[in-house]
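Visitor: My structure is below; once you've seen it, I'll send some questions.
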Amino acid sequence: MVKINKEKIKKWEAEPPPAARVCPPGEKSFLQEKYSQLGLKNFEKLKAVPSNEKKVETEVSNEVDFYIREIAFDKMLKHCYDMALEGNEAMGLLVGDVKQWKSVYSIVYDVATASLDSSPFYVRFSRDAFEELFDKLDDIEYDYIILGWYHSHVGYTSFMSGIDIQTQMKYFSQPFHAAIVIDPINIEAKAFRILNKKCIEVPYAVFK
């Protein structure tokens, strides 16, 4: 994917992780607060769609090593909500860095997206999207790393499907890479990593 060679060789900077609110697997109260703050409340306009996608067997980790800046988190929630109003999935890239303190952790500073080919069941960047996407990434003034991707499910809960796993393993195969799956109808946002060929749901921590 983007800058993948640099991701493999960059030396991680030593820096303590930020003070943050931890969202363990199953946490919903924080998301409900965020929806209220962002004014995402017209749920009568959101229609869940049936899906034949099957959940991949997932393990759960309690180790907190994935941090997300609140502004970036809000962008993801709003993007997925707006696309759900049209009955379509959303998608974008997680932009940030990898740091080291007592252990290695990743930190999302922003997200980037572009024109999408989207339906209630799949999403991908359109043919013309990559120039737009790369222009946005080129405008970033700090030395960034692509930390993974986010996408949404329109009312059929947040999980990793077989296709999601294939995407993760093909484009985001480093241990620090993550996938965030957001369901704006069921008010869910879950984070996953692929470690030792296993799908792991990981907690995330949101900071100011």
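Residues in the structure tokens are numbered from 1 in each chain, the chains being A, B, ... in the order shown, and ligands are numbered from 1 in the order shown.
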Per residue of range 88-156 of chain A within 10 Å of range 186-196 of chain A, which atom pair is closest and at what distance in Å (one decimal), using only C-alpha atoms, listed by chain and increasing number, as CSV?
Guide:
residue,atom,partner,partner_atom,distance
A:Gly148,CA,A:Arg193,CA,9.3
A:Trp149,CA,A:Ala191,CA,10.0
A:Tyr150,CA,A:Ala191,CA,8.8
A:His151,CA,A:Ala189,CA,9.8
A:Ser152,CA,A:Ala189,CA,8.8
A:His153,CA,A:Asn186,CA,9.5
A:Val154,CA,A:Asn186,CA,8.7
A:Gly155,CA,A:Asn186,CA,6.1
A:Tyr156,CA,A:Asn186,CA,7.9
Visitor: Write out as a PyMOL selection string the set of residues from range 132-188 of chain A that DSSP, computed on the backbone, places in strand (DSSP E or B).
Guide: chain A and resi 145-152+161+178-183+188
Visitor: Could you check the closest approach to Gly96 in chain A for each of A:Ile163, A:Phe125, A:Tyr171, A:Arg69 and tell me which residue wins, using only C-alpha atoms?
Guide: A:Arg69
Visitor: Go through A:Ser106, A:Ser115, A:Ser36, A:Asn42 and flag the residue nearest Gln174 in chain A, using only C-alpha atoms for the distances.
Guide: A:Ser106
Visitor: For range 30-33 of chain A, work out the shell of residues within 10 Å, counting only C-alpha atoms and skipping chain neighbours fewer than 3 positions away, then give it as an NGL selection string.
Guide: :A and (21-23 or 27 or 36-41 or 77 or 184 or 187-189 or 206)
Visitor: Restricted to C-alpha atoms, what would the selected residues look like written as a PDB file, in the first residue's frame?
Guide:
ATOM      1  CA  ARG A  21     -10.246   6.977  27.252  1.00  0.00           C
ATOM      2  CA  VAL A  22      -9.958   3.235  26.699  1.00  0.00           C
ATOM      3  CA  CYS A  23     -12.775   1.532  24.781  1.00  0.00           C
ATOM      4  CA  GLU A  27     -17.953  -0.731  25.047  1.00  0.00           C
ATOM      5  CA  SER A  36     -24.955  12.737  20.805  1.00  0.00           C
ATOM      6  CA  GLN A  37     -22.060  15.240  20.636  1.00  0.00           C
ATOM      7  CA  LEU A  38     -21.879  14.971  16.836  1.00  0.00           C
ATOM      8  CA  GLY A  39     -25.645  15.239  16.390  1.00  0.00           C
ATOM      9  CA  LEU A  40     -25.901  11.830  14.722  1.00  0.00           C
ATOM     10  CA  LYS A  41     -29.443  11.004  15.704  1.00  0.00           C
ATOM     11  CA  LEU A  77     -18.051   8.127  12.688  1.00  0.00           C
ATOM     12  CA  PRO A 184     -23.551   3.426  12.530  1.00  0.00           C
ATOM     13  CA  ILE A 187     -23.668   2.185  17.194  1.00  0.00           C
ATOM     14  CA  GLU A 188     -20.641  -0.089  17.079  1.00  0.00           C
ATOM     15  CA  ALA A 189     -16.978   0.568  16.345  1.00  0.00           C
ATOM     16  CA  VAL A 206      -9.324   7.852  22.160  1.00  0.00           C
TER      17      VAL A 206
END
Visitor: Looking at A:Phe159, A:Phe73, A:Phe66, A:Phe121, which one is nearest to Lys208 in chain A, with distances taken over only C-alpha atoms?
Guide: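 Ranked by minimum distance to Lys208 in chain A, first place goes to A:Phe73.
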